[in-house]
Amino acid sequence: MELRRIRHFVVLAETLNFHKAAEKLHIAQPPLSVSIQKLEAELGLTLFHRNPKGVSLTEEGAHILPLSIRLLQAAEQVEQTALEIREGTNGSLRIGIVGSTTQQLFQKLVSAFRTSYPKISLSFSEATSTQIVQAVSSGKLDIGLIRTPILASADVNMQILENDHFILALPEGHALANQPVRLSDLADTPFIVYSSEHARGLHYAMMAACQSAGFSPKVSQVAVQVQTVLSLVESNFGLALVPSVMENINRYRIIYKRLEDESTVKRIGYGLVYRQETESMATSRFRALASDMSVRT
């Protein structure tokens with residue numbers, strides 16, 4: 001069954017006149033008559049009563065008409081949705097997020113994207129930066145918001161969004177809470193460090209920072225997520241270097257301190273990973289908005 005014949009049927013049902021219907025459809029009258037006959041043959045129904053003054057719908061035709069109208073409307077919706085998907089204003093995005101991105105960047109970016117592109121559905125998966133990179137590389141995710149640096153080897157492209165730096169997190173009441181602190185002064189202090197397997201970027205950055213300050217940290221505990229690191233600091237398991245954005249977390253028993261020798265501390269930040277070879281227009285629009293917000297920030 002061809003949509004063209006359904007459209008011919010609907011227009012003829014509206015005009016009830018072959019000549020007027022043919023004009024409206026911009027075709028000759030004989031091809032219209034043939035089209036209606038073929039549709040009736042396909043359906044096994046007589047759709048119109050023919051008479052010298054025009055046509056009228058049969059009972060069967062009147063029953064088929066509203067279904068035919070909905071079918072044409074659905075076809076138009078398919079065409080419109082396909083156009084929107086090609087233009088990147090409709091569709092879906094699977095986004096991976098590392099926990100600490102939810103503090104500032106994630107809320108602002110997602111809120112702005114949903115406002116600009118309400119027809120694009122977003123689904124989120126929380127994981128480590130390494131896992132997110134691997135998922136984007138394999139096609140399981142379209143975009144990943146991760147912490148940098150990232151040491152995982154994968155076939156992805158990266159877009160830096162924000163630069164950040166480490167600050168010192170220590171439990172309330174610690175002896176260093178009310179005095180200036182240099183990282184180089186903490187050589188004998190127990191540290192909570194990031195997992196070298198699951199948080200390789202942060203692990204590398206922290207180890208490099210300590211080594212630049214002249215020591216290798218004494219490891220008291222190992223954790224994957226920054227939030228877990230903070231919980232361990234709060235529980236007095238040791239000190240930790242955490243991204244400065246974590247200052248915005250209101251933890252009652254944690255004090256954050258900027259390091260006096262901050263210039264020697266390894267830089268970190270946020271990035272967006274994607275695959276240029278397979279990215280959709282929706283992915284491209286998300287990246288463009290992220291880049292715009294990053295520049296304005």
# chains A, B, ... in the order shown; residues from 1 in each chain; ligands from 1
$ select_by_dssp --residues "stretch 68-284 of chain A" --states "helix (DSSP H, G or I)" --output "ChimeraX atom specification"
/A:68-87,99-103,105-116,129-138,183-186,200-212,226-234,244-248,262-264,281-284
$ residues_around --residues "A:Ala223" --least-positions-apart "4" --cutoff "8 Å" --atoms "only C-alpha atoms" --output "list in words"
Ile192, Val193, Tyr194, Ser195, Thr228 and Val229 of chain A
$ residues_around --residues "stretch 136-153 of chain A" --least-positions-apart "2" --cutoff "9 Å" --atoms "only C-alpha atoms" --output "ChimeraX atom specification"
/A:93-101,106,125,128-134,155-156,160,163,199-202,204-205,267-275,278-280,283,286-287
$ residues_around --residues "A:Leu259" --least-positions-apart "5" --cutoff "10 Å" --atoms "only C-alpha atoms" --output "JSON, numbers by chain"
{"A": [166, 167, 168, 180, 181, 182, 183, 184, 241, 264, 265]}
$ write_last_selection --atoms "N, CA and C atoms" --output "compact mmCIF listing (two decimals), in the first residue's frame"
# COMPACT_ATOMS: atom_id res chain seq x y z
N PHE A 166 44.79 20.69 42.59
CA PHE A 166 44.60 20.00 43.86
C PHE A 166 44.59 20.99 45.03
N ILE A 167 43.77 20.67 46.02
CA ILE A 167 43.84 21.32 47.33
C ILE A 167 43.95 20.22 48.37
N LEU A 168 44.31 20.60 49.56
CA LEU A 168 44.49 19.63 50.63
C LEU A 168 43.20 19.49 51.44
N PRO A 180 49.62 27.84 57.50
CA PRO A 180 49.95 27.64 56.09
C PRO A 180 50.58 26.25 55.90
N VAL A 181 50.28 25.65 54.74
CA VAL A 181 50.78 24.30 54.49
C VAL A 181 51.43 24.26 53.11
N ARG A 182 52.60 23.66 53.08
CA ARG A 182 53.26 23.35 51.81
C ARG A 182 53.20 21.84 51.62
N LEU A 183 53.02 21.42 50.40
CA LEU A 183 52.97 19.99 50.13
C LEU A 183 54.27 19.33 50.55
N SER A 184 55.36 20.02 50.36
CA SER A 184 56.66 19.46 50.73
C SER A 184 56.81 19.21 52.23
N LEU A 241 44.81 14.83 48.60
CA LEU A 241 44.75 15.89 47.60
C LEU A 241 43.48 15.66 46.78
N THR A 264 53.78 23.96 42.06
CA THR A 264 54.48 22.71 41.75
C THR A 264 53.52 21.52 41.67
N VAL A 265 52.23 21.76 41.97
CA VAL A 265 51.26 20.68 42.02
C VAL A 265 50.74 20.38 40.61
$ closest_residue --among "A:Val78, A:Ala135, A:Ile6, A:Val55" --to "A:Lys38" --atoms "only C-alpha atoms"
A:Ile6
$ closest_residue --among "A:Asn236, A:Leu47, A:Glu126, A:Gly54" --to "A:Lys20" --atoms "only C-alpha atoms"
A:Gly54
$ atom_distance --atom1 "atom CA of A:Glu234" --atom2 "atom CA of A:Gly214"
26.3 Å
$ residues_around --residues "stretch 62-66 of chain A" --least-positions-apart "2" --cutoff "12 Å" --atoms "only C-alpha atoms" --output "list in words"
Ile6, Arg7, His8, Phe9, Val10, Val11, Leu12, Ala13, Glu14, Leu39, Glu40, Leu43, Leu45, Thr46, Leu47, Phe48, His49, Ser56, Leu57, Thr58, Glu59, Glu60, Ser68, Ile69, Arg70, Leu71, Leu72 and Gln73 of chain A
